[in-house]
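Shown below: work17.cif, with mmCIF, C-alpha atoms.
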data_run
#
loop_
_atom_site.label_atom_id
_atom_site.label_comp_id
_atom_site.auth_asym_id
_atom_site.auth_seq_id
_atom_site.Cartn_x
_atom_site.Cartn_y
_atom_site.Cartn_z
CA MET A 1 72.72 -32.93 39.50
CA LYS A 2 70.69 -30.25 37.71
CA LYS A 3 69.30 -29.22 41.11
CA LEU A 4 72.82 -28.36 42.24
CA GLY A 5 73.21 -25.76 39.52
CA ASP A 6 76.71 -24.28 39.44
CA LYS A 7 77.68 -26.33 42.53
CA ALA A 8 77.30 -29.54 40.50
CA PRO A 9 80.52 -31.55 40.33
CA ALA A 10 82.11 -32.95 37.21
CA MET A 11 81.19 -36.61 36.76
CA LEU A 12 83.14 -39.68 35.81
CA SER A 13 81.64 -43.13 35.49
CA ILE A 14 84.01 -46.09 35.93
CA ALA A 15 82.86 -49.53 34.79
CA VAL A 16 84.86 -52.34 36.40
CA ASP A 17 84.01 -55.03 33.84
CA VAL A 18 87.15 -57.16 33.48
CA GLN A 19 85.90 -58.16 30.04
CA GLY A 20 86.26 -54.66 28.74
CA PRO A 21 84.02 -51.98 27.26
CA GLU A 22 81.55 -54.02 25.21
CA TRP A 23 78.74 -54.40 27.74
CA PRO A 24 79.21 -51.09 29.56
CA SER A 25 79.01 -49.41 26.14
CA ARG A 26 75.58 -50.92 25.57
CA TYR A 27 74.25 -49.46 28.81
CA VAL A 28 75.84 -46.10 28.08
CA LYS A 29 74.10 -46.05 24.71
CA GLU A 30 70.78 -47.27 26.13
CA PHE A 31 70.68 -44.59 28.82
CA ALA A 32 72.20 -41.87 26.62
CA VAL A 33 74.86 -41.05 29.20
CA THR A 34 76.50 -37.72 28.45
CA TYR A 35 79.39 -37.62 30.94
CA PRO A 36 82.69 -39.50 30.45
CA VAL A 37 82.58 -43.26 30.99
CA VAL A 38 85.76 -45.30 31.32
CA VAL A 39 86.66 -48.92 31.96
CA ASP A 40 88.91 -49.99 34.84
CA ARG A 41 89.19 -53.67 34.03
CA ALA A 42 91.54 -54.56 36.88
CA ASN A 43 89.51 -52.45 39.36
CA ILE A 44 92.55 -50.39 40.27
CA PHE A 45 90.72 -47.27 41.44
CA ALA A 46 88.07 -48.80 43.73
CA GLY A 47 89.99 -51.97 44.61
CA ALA A 48 93.62 -50.92 45.01
CA VAL A 49 93.36 -47.17 45.64
CA LEU A 50 90.22 -47.08 47.79
CA GLY A 51 90.48 -50.65 49.12
CA ARG A 52 86.79 -51.29 48.38
CA ARG A 53 85.28 -54.59 47.38
CA VAL A 54 81.69 -53.74 46.43
CA ILE A 55 79.76 -51.66 43.95
CA PRO A 56 77.90 -49.47 43.32
CA LEU A 57 80.30 -47.03 44.88
CA TRP A 58 80.47 -43.28 44.70
CA SER A 59 83.48 -41.19 45.59
CA LEU A 60 83.90 -37.46 45.71
CA LEU A 61 87.24 -35.74 45.06
CA ASP A 62 87.81 -32.07 45.71
CA GLU A 63 89.40 -29.56 43.33
CA ASN A 64 92.89 -30.81 44.27
CA GLY A 65 92.07 -34.48 43.79
CA VAL A 66 91.74 -35.07 47.54
CA LEU A 67 89.30 -37.79 48.54
CA MET A 68 86.37 -36.24 50.42
CA ALA A 69 84.18 -39.31 50.83
CA SER A 70 83.54 -42.73 49.40
CA ARG A 71 80.36 -44.72 50.00
CA ALA A 72 78.95 -48.00 48.84
CA ALA A 73 75.53 -46.68 47.90
CA GLY A 74 73.34 -46.00 44.94
CA PRO A 75 71.50 -42.83 44.07
CA GLY A 76 68.88 -41.72 46.58
CA ARG A 77 67.82 -38.91 48.85
CA LYS A 78 70.42 -39.66 51.52
CA THR A 79 73.23 -39.81 48.96
CA PHE A 80 72.09 -36.51 47.49
CA GLN A 81 71.93 -34.85 50.91
CA THR A 82 75.42 -36.06 51.76
CA LEU A 83 76.70 -34.77 48.43
CA GLU A 84 75.09 -31.38 48.94
CA THR A 85 76.89 -31.00 52.27
CA LEU A 86 80.24 -32.11 50.88
CA LEU A 87 80.02 -29.96 47.77
CA ALA A 88 79.76 -26.86 49.95
CA ARG A 89 83.19 -27.52 51.54
CA PRO A 90 86.26 -25.72 50.27
CA PRO A 91 89.16 -27.80 48.90
CA VAL A 92 91.82 -29.12 51.24
CA PRO A 93 95.21 -27.46 50.79
CA VAL A 94 97.58 -30.01 49.33
CA GLY A 95 100.51 -30.47 51.66
CA LYS A 96 102.45 -33.56 52.62
CA GLY A 97 102.57 -36.67 50.49
CA GLY A 98 101.70 -35.69 46.93
CA PRO A 99 99.93 -38.11 44.64
CA ALA A 100 101.60 -41.11 43.10
CA GLY A 101 100.72 -42.16 39.60
CA GLY A 102 101.28 -40.34 36.31
CA GLY A 103 104.59 -40.50 34.49
CA THR A 104 106.38 -41.81 31.42
CA ARG A 105 107.44 -45.38 30.81
CA ARG A 106 110.98 -44.41 31.71
CA ASP A 107 109.75 -42.93 35.03
CA PHE A 108 108.02 -46.19 35.89
CA GLU A 109 111.01 -48.29 34.81
CA GLU A 110 113.26 -46.29 37.10
CA SER A 111 110.73 -46.49 39.91
CA VAL A 112 110.49 -50.25 39.59
CA ARG A 113 114.29 -50.58 39.62
CA ALA A 114 114.58 -48.39 42.71
CA HIS A 115 111.46 -49.72 44.47
CA PRO A 116 110.69 -53.26 43.24
CA LYS A 117 108.00 -53.66 45.92
CA ASN A 118 106.09 -50.56 44.82
CA LEU A 119 102.74 -51.67 43.39
CA GLY A 120 101.98 -48.28 41.86
CA ALA A 121 105.21 -48.31 39.86
CA TRP A 122 104.48 -51.77 38.47
CA VAL A 123 100.89 -50.88 37.60
CA GLY A 124 102.07 -47.73 35.83
CA LEU A 125 104.77 -49.66 33.98
CA ILE A 126 102.38 -52.41 32.82
CA GLN A 127 99.97 -49.78 31.50
CA ALA A 128 102.78 -47.89 29.75
CA VAL A 129 104.15 -51.08 28.16
CA LEU A 130 100.65 -52.06 27.01
CA ARG A 131 100.25 -48.69 25.27
CA SER A 132 103.64 -48.77 23.60
CA ASP A 133 104.43 -52.44 22.98
CA GLY A 134 101.15 -54.30 23.13
CA LEU A 135 99.68 -57.26 24.96
CA ALA A 136 102.49 -59.79 24.91
CA ALA A 137 105.01 -57.31 26.30
CA ALA A 138 102.53 -56.10 28.95
CA ASP A 139 101.89 -59.68 29.95
CA ALA A 140 105.60 -60.31 30.36
CA THR A 141 105.86 -57.18 32.53
CA ALA A 142 102.89 -58.34 34.60
CA ASN A 143 104.69 -61.66 35.17
CA GLU A 144 107.78 -59.80 36.42
CA ALA A 145 105.56 -57.74 38.70
CA LEU A 146 104.01 -60.87 40.16
CA GLU A 147 107.45 -62.33 40.86
CA ALA A 148 108.24 -59.19 42.84
CA LEU A 149 104.80 -58.94 44.49
CA PRO A 150 103.20 -62.40 44.51
CA GLU A 151 100.58 -61.41 47.11
CA GLU A 152 99.10 -58.42 45.28
CA LYS A 153 95.61 -59.27 44.04
CA THR A 154 95.56 -56.18 41.78
CA LEU A 155 98.32 -57.77 39.69
CA TYR A 156 96.25 -60.92 39.25
CA MET A 157 93.34 -58.74 38.12
CA ILE A 158 95.66 -57.12 35.57
CA ARG A 159 96.79 -60.54 34.40
CA ALA A 160 93.14 -61.57 33.98
CA ASP A 161 92.41 -58.39 32.04
CA LEU A 162 95.35 -58.96 29.67
CA ALA A 163 94.37 -62.61 29.18
CA LEU A 164 90.80 -61.69 28.27
CA ARG A 165 92.04 -59.13 25.78
CA ARG A 166 93.89 -62.01 24.08
CA GLY A 167 90.82 -64.23 24.32
CA ASP A 168 92.47 -66.60 26.81
CA LYS A 169 89.56 -67.33 29.14
CA GLY A 170 91.35 -70.17 30.94
CA ARG A 171 94.30 -68.02 31.94
CA ALA A 172 91.96 -65.19 32.93
CA LEU A 173 89.95 -67.45 35.22
CA ALA A 174 93.09 -68.86 36.80
CA ALA A 175 94.27 -65.33 37.53
CA LEU A 176 90.91 -64.24 38.96
CA LYS A 177 90.77 -67.30 41.18
CA ALA A 178 94.30 -66.64 42.40
CA GLY A 179 93.24 -63.07 43.25
CA LEU A 180 90.17 -64.35 45.09
CA GLU A 181 92.31 -66.76 47.08
CA LEU A 182 94.35 -63.79 48.30
CA ASP A 183 91.17 -61.99 49.34
CA PRO A 184 88.20 -64.37 49.62
CA GLU A 185 85.92 -61.49 50.72
CA ASP A 186 86.44 -59.55 47.49
CA TRP A 187 82.94 -59.69 46.09
CA LEU A 188 83.93 -57.92 42.89
CA ILE A 189 86.44 -60.62 41.93
CA HIS A 190 83.84 -63.24 42.82
CA LYS A 191 81.32 -61.74 40.41
CA GLN A 192 83.93 -61.27 37.70
CA ILE A 193 84.62 -65.03 37.89
CA TRP A 194 80.93 -65.84 37.56
CA CYS A 195 80.63 -63.46 34.65
CA VAL A 196 83.50 -65.05 32.73
CA GLU A 197 82.40 -68.63 33.51
CA HIS A 198 78.67 -68.06 32.96
CA PRO A 199 78.08 -65.09 30.67
CA GLU A 200 74.61 -66.45 29.88
CA ARG A 201 73.56 -65.66 33.49
CA PHE A 202 74.40 -62.00 33.02
CA TYR A 203 74.16 -61.05 29.40
CA GLU A 204 71.20 -62.93 28.01
CA GLY A 205 67.89 -61.47 29.06
CA GLY A 206 69.23 -59.62 32.10
CA VAL A 207 71.13 -60.54 35.27
CA ASP A 208 69.87 -63.79 36.82
CA ASP A 209 69.73 -62.94 40.55
CA GLY A 210 68.09 -66.28 41.42
CA TRP A 211 71.01 -68.18 39.94
CA GLN A 212 73.48 -66.04 41.92
CA ARG A 213 71.65 -66.68 45.20
CA LYS A 214 71.59 -70.41 44.56
CA THR A 215 75.25 -70.44 43.54
CA ILE A 216 76.25 -68.65 46.77
CA GLN A 217 74.32 -71.24 48.80
CA ASP A 218 75.97 -74.10 46.92
CA GLU A 219 79.43 -72.58 47.38
CA ARG A 220 78.89 -72.07 51.11
CA SER A 221 77.55 -75.58 51.49
CA ARG A 222 80.62 -76.99 49.71
CA LYS A 223 82.86 -74.90 51.94
CA ARG A 224 81.15 -76.19 55.10
CA LYS A 225 81.48 -79.80 53.96
CA ASP A 226 85.13 -79.20 53.14
CA CYS A 227 85.61 -77.69 56.60
CA ILE A 228 84.17 -80.78 58.22
CA LYS A 229 86.25 -83.15 56.11
CA ASN A 230 89.49 -81.17 56.41
CA PRO A 231 89.36 -79.11 59.59
CA LYS A 232 93.12 -78.57 59.70
CA LYS A 233 93.23 -77.32 56.10
CA SER A 234 90.32 -75.01 56.80
CA ARG A 235 92.01 -73.63 59.94
CA ASP A 236 95.27 -73.02 58.13
CA SER A 237 93.66 -71.29 55.13
CA MET B 1 81.58 -50.34 60.09
CA MET B 2 82.58 -50.61 63.77
CA PRO B 3 79.67 -49.54 65.98
CA ARG B 4 80.42 -46.41 67.95
CA MET B 5 81.46 -47.55 71.42
CA GLY B 6 80.09 -44.33 72.86
CA ILE B 7 76.63 -45.33 71.64
CA LEU B 8 77.05 -48.84 73.12
CA LEU B 9 78.16 -47.32 76.40
CA GLY B 10 75.19 -44.98 76.29
CA VAL B 11 72.78 -47.88 75.96
CA LEU B 12 74.44 -49.70 78.86
CA ALA B 13 74.65 -46.53 80.91
CA LEU B 14 70.95 -45.83 80.59
CA GLY B 15 70.34 -49.20 82.19
CA ALA B 16 72.81 -48.56 84.98
CA GLY B 17 71.75 -44.99 85.61
CA LEU B 18 75.12 -43.49 84.75
CA ALA B 19 74.52 -39.81 84.20
CA ALA B 20 76.03 -37.84 81.38
CA GLN B 21 79.15 -35.80 82.12
CA ASP B 22 80.38 -38.25 84.82
CA ASP B 23 84.09 -38.77 84.82
CA VAL B 24 85.04 -42.01 83.20
CA GLN B 25 88.38 -43.69 83.56
CA VAL B 26 89.56 -44.61 80.08
CA SER B 27 92.16 -47.27 79.45
CA LEU B 28 93.55 -47.35 75.92
CA THR B 29 95.80 -50.10 74.61
CA LEU B 30 97.31 -50.14 71.15
CA VAL B 31 97.60 -53.74 69.96
CA GLY B 32 101.05 -54.90 70.97
CA GLY B 33 101.49 -52.07 73.47
CA ALA B 34 100.90 -51.40 77.14
CA PRO B 35 97.65 -49.85 78.44
CA VAL B 36 97.58 -46.10 78.99
CA THR B 37 95.01 -44.69 81.43
CA GLY B 38 93.40 -41.28 81.52
CA THR B 39 90.23 -39.54 82.62
CA GLY B 40 87.47 -38.81 80.16
CA SER B 41 83.86 -37.80 80.23
CA PHE B 42 80.71 -39.27 78.78
CA ASP B 43 77.68 -37.54 77.31
CA GLY B 44 76.57 -40.17 74.88
CA GLN B 45 80.08 -40.12 73.46
CA ILE B 46 83.43 -40.59 75.15
CA TRP B 47 85.61 -37.48 75.33
CA VAL B 48 89.24 -37.55 76.40
CA PRO B 49 92.01 -34.93 76.63
CA THR B 50 93.38 -34.33 73.14
CA ARG B 51 97.02 -34.42 74.18
CA TRP B 52 96.50 -37.68 76.05
CA ALA B 53 94.78 -39.30 73.05
CA ALA B 54 97.52 -38.15 70.69
CA LYS B 55 100.23 -39.66 72.87
CA ALA B 56 98.30 -42.88 73.50
CA LEU B 57 97.57 -43.44 69.79
CA GLY B 58 100.86 -42.18 68.38
CA LEU B 59 99.27 -39.29 66.51
CA GLU B 60 99.99 -35.62 66.00
CA ILE B 61 96.82 -33.58 66.53
CA LYS B 62 96.45 -29.90 65.55
CA ALA B 63 93.35 -28.66 67.29
CA LYS B 64 94.10 -25.16 68.53
CA ALA B 65 92.77 -23.43 65.42
CA GLU B 66 91.16 -24.39 62.13
CA PRO B 67 91.93 -26.21 59.92
CA PHE B 68 92.05 -29.06 62.42
CA GLN B 69 94.25 -31.97 61.41
CA VAL B 70 95.21 -35.36 62.68
CA CYS B 71 98.50 -36.72 61.38
CA HIS B 72 99.65 -40.32 61.44
CA GLY B 73 103.15 -40.70 60.11
CA GLU B 74 103.44 -38.74 56.85
CA ILE B 75 99.73 -38.60 56.23
CA CYS B 76 97.44 -35.90 57.60
CA PHE B 77 93.66 -36.06 57.73
CA PRO B 78 91.44 -32.99 57.91
CA ALA B 79 89.38 -33.30 61.07
CA PRO B 80 85.89 -31.86 61.51
CA ALA B 81 85.44 -29.25 64.24
CA SER B 82 82.78 -31.47 65.82
CA LEU B 83 85.49 -33.96 66.76
CA PHE B 84 86.79 -31.52 69.37
CA SER B 85 85.37 -29.57 72.29
CA GLY B 86 86.63 -26.99 74.77
CA SER B 87 88.79 -25.09 72.28
CA GLY B 88 90.37 -28.31 71.11
CA GLU B 89 91.27 -29.49 74.61
CA ARG B 90 89.12 -32.60 74.34
CA VAL B 91 88.51 -35.03 71.49
CA GLU B 92 85.77 -37.56 70.82
CA LEU B 93 87.62 -40.84 71.04
CA ASP B 94 85.60 -43.12 68.74
CA GLY B 95 85.56 -40.48 66.01
CA LEU B 96 89.32 -39.99 66.30
CA ILE B 97 90.00 -43.71 65.94
CA GLU B 98 87.70 -43.89 62.93
CA LEU B 99 89.31 -40.85 61.28
CA VAL B 100 92.72 -42.51 61.13
CA GLY B 101 91.30 -45.80 59.90
CA GLY B 102 91.74 -47.54 63.24
CA GLU B 103 89.82 -50.54 64.47
CA ILE B 104 88.44 -51.09 67.97
CA VAL B 105 89.52 -54.68 68.54
CA SER B 106 87.87 -54.98 71.93
CA PHE B 107 85.97 -52.84 74.38
CA GLY B 108 85.19 -53.38 78.04
CA VAL B 109 82.87 -51.49 80.38
CA ASP B 110 82.66 -51.43 84.17
CA LEU B 111 79.81 -49.06 84.88
CA GLU B 112 79.95 -49.41 88.67
CA GLN B 113 83.56 -48.25 88.71
CA GLY B 114 83.04 -45.84 85.81
CA ARG B 115 85.73 -47.45 83.67
CA VAL B 116 86.01 -48.24 79.98
CA ALA B 117 88.84 -50.08 78.26
CA TYR B 118 89.67 -49.95 74.57
CA THR B 119 92.06 -52.11 72.61
CA VAL B 120 92.74 -50.40 69.32
CA LYS B 121 94.60 -51.30 66.18
CA ILE B 122 95.86 -48.46 64.02
CA PRO B 123 97.29 -49.49 60.63
CA ASP B 124 100.98 -48.72 60.12
CA ALA B 125 101.52 -45.24 58.81
CA PRO B 126 101.97 -45.74 55.05
CA SER B 127 104.76 -44.20 53.05
CA ALA B 128 103.86 -41.37 50.74
CA THR B 129 104.93 -43.18 47.55
CA GLY B 130 103.25 -45.95 45.64
CA LEU B 131 99.74 -47.16 45.07
CA ARG B 132 98.04 -47.89 48.35
CA ALA B 133 94.65 -47.53 49.94
CA VAL B 134 93.87 -43.81 50.11
CA LYS B 135 91.92 -42.37 53.03
CA VAL B 136 89.59 -39.41 53.20
CA GLY B 137 91.73 -36.29 53.21
CA GLU B 138 94.47 -37.74 51.01
CA GLN B 139 95.18 -37.07 47.36
CA VAL B 140 94.21 -39.84 45.02
CA PRO B 141 96.90 -41.01 42.54
CA ASP B 142 96.62 -39.51 39.08
CA LEU B 143 95.34 -42.64 37.35
CA ALA B 144 94.66 -42.98 33.64
CA PHE B 145 91.63 -44.87 32.31
CA GLU B 146 90.54 -46.33 28.99
CA ALA B 147 87.61 -44.22 27.76
CA LEU B 148 84.67 -45.81 25.99
CA LYS B 149 84.85 -42.94 23.51
CA GLY B 150 87.78 -40.77 22.62
CA LYS B 151 91.19 -40.58 24.22
CA ASP B 152 92.19 -41.97 27.61
CA ILE B 153 91.16 -39.93 30.61
CA GLN B 154 93.32 -39.02 33.60
CA LEU B 155 92.00 -37.90 36.98
CA SER B 156 94.09 -34.74 36.72
CA ASP B 157 91.96 -33.76 33.70
CA PHE B 158 89.31 -32.80 36.28
CA ARG B 159 91.47 -30.66 38.59
CA GLY B 160 89.92 -27.37 39.57
CA ARG B 161 86.45 -28.86 40.00
CA LYS B 162 84.94 -31.31 42.44
CA LEU B 163 84.62 -34.73 40.82
CA LEU B 164 81.94 -37.32 41.52
CA ILE B 165 83.11 -40.78 40.52
CA VAL B 166 80.67 -43.66 40.25
CA ASN B 167 81.93 -47.23 40.09
CA TRP B 168 79.60 -49.79 38.55
CA ALA B 169 79.56 -52.84 36.32
CA SER B 170 77.29 -54.20 33.63
CA TRP B 171 76.76 -57.32 35.73
#
Could I get this structure in the form of C-alpha cells?
Amino acid sequence: MKKLGDKAPAMLSIAVDVQGPEWPSRYVKEFAVTYPVVVDRANIFAGAVLGRRVIPLWSLLDENGVLMASRAAGPGRKTFQTLETLLARPPVPVGKGGPAGGGTRRDFEESVRAHPKNLGAWVGLIQAVLRSDGLAAADATANEALEALPEEKTLYMIRADLALRRGDKGRALAALKAGLELDPEDWLIHKQIWCVEHPERFYEGGVDDGWQRKTIQDERSRKRKDCIKNPKKSRDS
Amino acid sequence: MMPRMGILLGVLALGAGLAAQDDVQVSLTLVGGAPVTGTGSFDGQIWVPTRWAAKALGLEIKAKAEPFQVCHGEICFPAPASLFSGSGERVELDGLIELVGGEIVSFGVDLEQGRVAYTVKIPDAPSATGLRAVKVGEQVPDLAFEALKGKDIQLSDFRGRKLLIVNWASW
C-alpha cells in the first residue's frame, strides 16, 4: 500500500470467526496490524451482502460505498495490479436504490412490521436488540426472525454467534449445521463447524491441514455410501 | 466462473476455419422464454446489436455516451466502454450477461451454418430494499461491525475514500 502513496485506499480487515475476537486479536497483535480490524461473526458482509462462501476475500468500495470489485484471492502481484487499475477510477454517482442498513432500533422494528420477509431489517433489529437489551433478548428476536425466514442461513449464523457468546456450544453447532444444510457448498460454515467441534486442530500449534484433508475425504466417502444406500433420499435432498 | 462462450467458439472456429468478422446467427433464449434470433459477428468474441440484446434479455442499456450503464429492474450497473463497439451500436454478449450476474445455462454451436444458440438465466431483478447480494456497481449496505479495539465501526465511517476490505479468519 505504501507504493500507492496518496492513491492508497483506507483499509478494513474483517475476521469472520464465529467464536468472536479472541483468536483474531492474537494475530492482530502478532503482526502489529495498524488498520481497523473488526469481527463479523455471522459473516454478514461476505456471506449475505456479497454472497461469497470462501476466504480470503478482498473487496474494494469507492468513495460512495459502491462495490467496485470483489475477489477470492490473497495478496500478490496480480491483486496489486488489479487494485492499481481500480483505484484510478472515479467514484460512481449514486443514483437509484440507495443503501439499506443503518438505523435505530425503532427504524428496524417498524421495518420488520412492514416487511417481515426483509432479512436486512431483521439483522439490523437483532444487532440493535443485542446492543440495548443483551443476549437473551437478541436470541428471542433471532428466533422470531427464523420463524419469518426459516430458509435464511445468515439467521442461523447469527443464532450460532449468540449461542457461542453464551457458551452454548451444542446450540451453536446445531445452528451452524442447519445453515450448512441450507447451503451445503458454503465452505465458511463448514470450517466454522470444524473449528467449534475440534478447536485443537486449529488453535494448538497451528492449523492442521492434513486433518482437514482427511476429514473431507471421510465426509465425501460417507456421503457416497449414504447415496448408494438411500438413492431416493439423496435425489430429494 | 462461466467460461466465455466467445473463447470456446473461437477455439472451435479455428478448427473449422471460420474467419473472424463472419456474420453469425445468434439465438438467445431466456430460461422459461421463447428463443429470439438476431445477427451478430465474431472476432474471438460474439458481438450483437445493443438494442436487440437489451430487448432479448429484458435490460435497459445506455450506450450512446459515457457513463455507460446497464439496468436490470431498479438496479443499474456501470458498464466498461470495452463492452461496446461502433458508438454503442454493438455489445459483447458474454460480457453483458456476466455484468448483470446472468448464467449461460447452455450453449450450442453450428459452425457450418454459422449459428450459435444461448440459453441464459438472469436472476430476478431485486428490490432496492433489504439485505441482499450486492453486485459490482451497487452501494453496499451501511453495516456496523464489532471492533477488536475501540468503538464499533460502520462502513459509512469510510465515505469519501476508497476502502479495501479484506475478509479472513484465524482458522
Would you write out, as CSV, a table of all residues in chain A that have an atom no more than 7 Å from an atom of chain B, listing for each the closest atom pair and the distance in Å to one decimal, considering only C-alpha atoms and ordering rows by chain and rising residue number?
residue,atom,partner,partner_atom,distance
A:Pro9,CA,B:Lys162,CA,4.9
A:Ala10,CA,B:Leu163,CA,4.7
A:Met11,CA,B:Leu164,CA,4.9
A:Leu12,CA,B:Ile165,CA,4.8
A:Ser13,CA,B:Val166,CA,4.9
A:Ile14,CA,B:Asn167,CA,4.8
A:Ala15,CA,B:Ala169,CA,4.9
A:Val16,CA,B:Ala169,CA,5.3
A:Asp17,CA,B:Ala169,CA,5.5
A:Pro21,CA,B:Leu148,CA,6.3
A:Trp23,CA,B:Ser170,CA,6.1
A:Pro24,CA,B:Ser170,CA,5.5
A:Ser25,CA,B:Leu148,CA,6.7
A:Val37,CA,B:Leu148,CA,6.0
A:Val38,CA,B:Ala147,CA,4.2
A:Val39,CA,B:Glu146,CA,5.5
A:Asp40,CA,B:Phe145,CA,6.3
A:Ala48,CA,B:Ala133,CA,6.1
A:Val49,CA,B:Ala133,CA,4.5
A:Leu50,CA,B:Ala133,CA,4.9
A:Gly51,CA,B:Ala133,CA,5.3
A:Ile55,CA,B:Trp168,CA,5.7
A:Pro56,CA,B:Trp168,CA,5.1
A:Leu57,CA,B:Asn167,CA,5.1
A:Trp58,CA,B:Val166,CA,4.5
A:Ser59,CA,B:Ile165,CA,5.1
A:Leu60,CA,B:Leu164,CA,4.6
A:Leu61,CA,B:Leu163,CA,5.1
A:Asp62,CA,B:Lys162,CA,4.4
A:Glu63,CA,B:Gly160,CA,4.4
A:Asn64,CA,B:Arg159,CA,5.9
A:Gly65,CA,B:Gln139,CA,5.4
A:Val66,CA,B:Gln139,CA,4.0
A:Leu67,CA,B:Val136,CA,4.9
A:Met68,CA,B:Val136,CA,5.3
A:Ala69,CA,B:Val136,CA,5.9
A:Lys96,CA,B:Glu74,CA,6.8
A:Gly97,CA,B:Ala128,CA,4.9
A:Gly98,CA,B:Gln139,CA,6.7
A:Pro99,CA,B:Pro141,CA,4.7
A:Ala100,CA,B:Pro141,CA,4.7
A:Gly101,CA,B:Asp142,CA,4.9
A:Gly102,CA,B:Asp142,CA,5.5
A:Asn118,CA,B:Gly130,CA,5.5
A:Leu119,CA,B:Leu131,CA,5.7
A:Gly120,CA,B:Leu131,CA,4.1
A:Ala121,CA,B:Gly130,CA,6.5
A:Phe202,CA,B:Trp171,CA,5.9
A:Val207,CA,B:Trp171,CA,6.5
Would you mind exporting the chosen residues as a compact mmCIF listing (two decimals), in the frame of the given file, restricted to C-alpha atoms?
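Once written, selection-v9.txt looks like this:
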# COMPACT_ATOMS: atom_id res chain seq x y z
CA PRO A 9 80.52 -31.55 40.33
CA ALA A 10 82.11 -32.95 37.21
CA MET A 11 81.19 -36.61 36.76
CA LEU A 12 83.14 -39.68 35.81
CA SER A 13 81.64 -43.13 35.49
CA ILE A 14 84.01 -46.09 35.93
CA ALA A 15 82.86 -49.53 34.79
CA VAL A 16 84.86 -52.34 36.40
CA ASP A 17 84.01 -55.03 33.84
CA PRO A 21 84.02 -51.98 27.26
CA TRP A 23 78.74 -54.40 27.74
CA PRO A 24 79.21 -51.09 29.56
CA SER A 25 79.01 -49.41 26.14
CA VAL A 37 82.58 -43.26 30.99
CA VAL A 38 85.76 -45.30 31.32
CA VAL A 39 86.66 -48.92 31.96
CA ASP A 40 88.91 -49.99 34.84
CA ALA A 48 93.62 -50.92 45.01
CA VAL A 49 93.36 -47.17 45.64
CA LEU A 50 90.22 -47.08 47.79
CA GLY A 51 90.48 -50.65 49.12
CA ILE A 55 79.76 -51.66 43.95
CA PRO A 56 77.90 -49.47 43.32
CA LEU A 57 80.30 -47.03 44.88
CA TRP A 58 80.47 -43.28 44.70
CA SER A 59 83.48 -41.19 45.59
CA LEU A 60 83.90 -37.46 45.71
CA LEU A 61 87.24 -35.74 45.06
CA ASP A 62 87.81 -32.07 45.71
CA GLU A 63 89.40 -29.56 43.33
CA ASN A 64 92.89 -30.81 44.27
CA GLY A 65 92.07 -34.48 43.79
CA VAL A 66 91.74 -35.07 47.54
CA LEU A 67 89.30 -37.79 48.54
CA MET A 68 86.37 -36.24 50.42
CA ALA A 69 84.18 -39.31 50.83
CA LYS A 96 102.45 -33.56 52.62
CA GLY A 97 102.57 -36.67 50.49
CA GLY A 98 101.70 -35.69 46.93
CA PRO A 99 99.93 -38.11 44.64
CA ALA A 100 101.60 -41.11 43.10
CA GLY A 101 100.72 -42.16 39.60
CA GLY A 102 101.28 -40.34 36.31
CA ASN A 118 106.09 -50.56 44.82
CA LEU A 119 102.74 -51.67 43.39
CA GLY A 120 101.98 -48.28 41.86
CA ALA A 121 105.21 -48.31 39.86
CA PHE A 202 74.40 -62.00 33.02
CA VAL A 207 71.13 -60.54 35.27
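Closest approach to B:Arg51 among B:Ile104, B:Ile122, B:Pro80, B:Ala63: B:Ala63, based on only C-alpha atoms.
Between atom CA of A:Thr34 and atom CA of A:Lys3 the separation is 16.9 Å.
Counting from atom CA of A:Pro199, the distance to atom CA of A:Lys169 is 11.8 Å.
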Item checked: Residues returned when the PyMOL selection byres ((chain B and resi 119) around 9) runs on this file, as a PyMOL selection string -> chain B and resi 27-31+35+103-108+117-118+120-121
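Using only C-alpha atoms, the nearest neighbour of B:Ala79 within the list B:Leu99, B:Ala65, B:Val48, B:Leu93 is B:Leu99.
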Check: So how far away is atom CA of B:Gly114 from atom CA of B:Thr39, in Å?
Finding: 10.1 Å
Using the chain letters and numbering of this document, enumerate as an mmCIF file with C-alpha atoms, in the coordinates of the input the residues selected by the PyMOL selection byres ((chain B and resi 115) around 10).
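Written output follows (result_5.cif):
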data_model
loop_
_atom_site.group_PDB
_atom_site.id
_atom_site.type_symbol
_atom_site.label_atom_id
_atom_site.label_comp_id
_atom_site.auth_asym_id
_atom_site.auth_seq_id
_atom_site.Cartn_x
_atom_site.Cartn_y
_atom_site.Cartn_z
ATOM 1 C CA ASP B 23 84.090 -38.770 84.820
ATOM 2 C CA VAL B 24 85.040 -42.010 83.200
ATOM 3 C CA GLN B 25 88.380 -43.690 83.560
ATOM 4 C CA VAL B 26 89.560 -44.610 80.080
ATOM 5 C CA SER B 27 92.160 -47.270 79.450
ATOM 6 C CA THR B 37 95.010 -44.690 81.430
ATOM 7 C CA THR B 39 90.230 -39.540 82.620
ATOM 8 C CA GLY B 40 87.470 -38.810 80.160
ATOM 9 C CA GLY B 108 85.190 -53.380 78.040
ATOM 10 C CA VAL B 109 82.870 -51.490 80.380
ATOM 11 C CA ASP B 110 82.660 -51.430 84.170
ATOM 12 C CA LEU B 111 79.810 -49.060 84.880
ATOM 13 C CA GLU B 112 79.950 -49.410 88.670
ATOM 14 C CA GLN B 113 83.560 -48.250 88.710
ATOM 15 C CA GLY B 114 83.040 -45.840 85.810
ATOM 16 C CA VAL B 116 86.010 -48.240 79.980
ATOM 17 C CA ALA B 117 88.840 -50.080 78.260
#
